[in-house]
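In what follows, a structure is listed as structure tokens, so that the remarks can point back to it.
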Amino acid sequence: MGGQDIIEALHAQDRVKGLTHSFYKYPARFSPGFARAVIEAFTRPGELVLDPFVGGGTSVVEAVALRRRAIGIDVNELAVFVARAKTSPLGPRNLKEVERWLHRLEKPRRTIVSPSVNGMGRSKGVPWWLKITIARLRRKISALQDPLERNFLCCALLKTGQWALDCSSEFPSSRQFIRRYVQDASEMICGMKSYVSEGKRSGLSTLQQFRSMRRLVCRSVIEAERDARLPKQWLPAKLVLTSPPYPGVHVLYHRWQIHGRAETPAPYWITGLQDGFGGAFYTLGDRREKENRSYFRGIRIAFQSIRKLVRHDATIVQLISFSNPDIQLSRYLAAVSEAGFSEVSLLESRCSAGRAWRSVPGRKWYAQLKPSHSAREVLLIHKPA
Ligand SMILES: C[S@@+](CC[C@H](N)C(=O)[O-])C[C@H]1O[C@@H](n2cnc3c(N)ncnc32)[C@H](O)[C@@H]1O
């Protein structure tokens, strides 16, 4: 694996799938193939991959499956919850138990709530019958003894909730929701099995070994080097593989949009997580701020912290998009350079000005960009200066 494989993986337009990647559609996700190509090119088994803006954990899933150690950091509790669910292996006993639980769910004894025909159309909020259905499922899940099974089924509820509220044009009935929930969880069981067998093929022999390959920390990367939760014995990292928030681009990491409009904090109450922050908290500043000053200051300080967490020969690989690349790319590069990194070129071929750009398929956020700037991410590679 090398530069050419990374460029090919970068341009692949496949749907995000495989292993546990489809557990949740985290906004602005990496393509798993790209993450895999980068990890294989720049690390060997046992070496450390750091993702300081880990989001839904694509990099960590791929790193563990390839028997690399991985540290993921994110300010968003939802991101850490999803990354943990995707990388916590469930063995055959747990999976059997989950299957039995789902089987019982398919035969409801009580009448399930259902809306009138008129109630199923469009609405500004989460409809009452889905609130009740989700709350009932949550109660059933919390009665389970095993935390791994609870988190897995709660992540499945998040997945189905996202389908019902964030992605659908019509609300499903309670019965349709439950049917879909069982289907989603069953697909997740297959994903979990392939994650475990992939890790085993790479040499991870026990589930305990899987768990001990990754650490996920909910906090800002700024000053993360002082955090006692980071495993000091693993550091410094050989590779940083990451995708920071995008300047000036409207991406909602902490909300779903009901029918593309009204924003709901539903992902937090479905999972029982803390939210309580405004959008700017998750994007290194308000995207409408003049010249995005807070954002670029945040990037510089974040990369100063990252500098303290990496080896002198580390590689820093980033994918990023800009609302206005003509102005923002050079400011971004200046911030990273001030933090102590120099840009290097991966491959001259197929790159403009030594950098590779990719067009992004089917992403919500890019519909909001100006056509000329739309749907493009740039691959940036740096080394410590
Ligand atoms: C583009 S997303 C990462 C997506 C990820 N590559 C994936 O595949 O799912 C950027 C992430 O940065 C997180 N973030 C924003 N500010 C942060 C900070 N100061 N420290 C750590 N994470 C932060 C956001 O919460 C968001 O999850």
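Convention: chains lettered A, B, ... in structure tokens order; per-chain residue numbering from 1; ligands numbered from 1 as shown.
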
List as a PyMOL selection string the protein and nucleic acid residues lying within 7 Å of ligand 1, with only C-alpha atoms and all ligand atoms counted.
chain A and resi 26-30+52-59+73-76+79+219-222+242-246+253+281-284+302

Write down as JSON, numbers by chain the residues of range 216-308 of chain A whose backbone DSSP state falls under strand (DSSP E or B).
{"A": [216, 217, 218, 237, 238, 239, 240, 241, 242, 256, 257, 258, 262, 263, 264]}

So, with only C-alpha atoms as the atoms that count, which of A:Ser294, A:Ser31, A:Gln183, A:Thr133 lies closest to His103 in chain A?
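Once distances to His103 in chain A are computed over only C-alpha atoms, the minimum belongs to A:Gln183.
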
Considering only C-alpha atoms, return as a PDB file with N, CA and C atoms, in the first residue's frame whatever protein or nucleic-acid residues lie within 7 Å of Glu149 in chain A, sequence-local ones (same chain, fewer than 3 positions apart) excluded.
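Saved as out-v9.pdb:
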```pdb
ATOM      1  N   ASN A  94     -23.014 -12.823  23.673  1.00  0.00           N
ATOM      2  CA  ASN A  94     -23.729 -11.541  23.675  1.00  0.00           C
ATOM      3  C   ASN A  94     -24.639 -11.418  22.456  1.00  0.00           C
ATOM      4  N   VAL A  98     -28.671 -10.857  22.234  1.00  0.00           N
ATOM      5  CA  VAL A  98     -29.286  -9.734  21.509  1.00  0.00           C
ATOM      6  C   VAL A  98     -30.319 -10.263  20.506  1.00  0.00           C
ATOM      7  N   ASP A 146     -26.347  -6.706  30.717  1.00  0.00           N
ATOM      8  CA  ASP A 146     -25.001  -6.540  30.171  1.00  0.00           C
ATOM      9  C   ASP A 146     -24.836  -5.168  29.488  1.00  0.00           C
ATOM     10  N   PHE A 152     -25.113  -1.628  22.506  1.00  0.00           N
ATOM     11  CA  PHE A 152     -25.326  -2.073  21.126  1.00  0.00           C
ATOM     12  C   PHE A 152     -26.773  -1.789  20.709  1.00  0.00           C
ATOM     13  N   LEU A 153     -27.721  -2.177  21.570  1.00  0.00           N
ATOM     14  CA  LEU A 153     -29.135  -1.996  21.212  1.00  0.00           C
ATOM     15  C   LEU A 153     -29.543  -0.529  21.247  1.00  0.00           C
TER      16      LEU A 153
END
```

A:Cys218, A:Leu239, A:Ile132, A:Val61 ranked by distance to Arg44 in chain A, top pick (using only C-alpha atoms)
A:Leu239

Closest to Val196 in chain A among A:Ala63, A:Ala85, A:Leu252, A:Leu90, using only C-alpha atoms?
A:Leu90
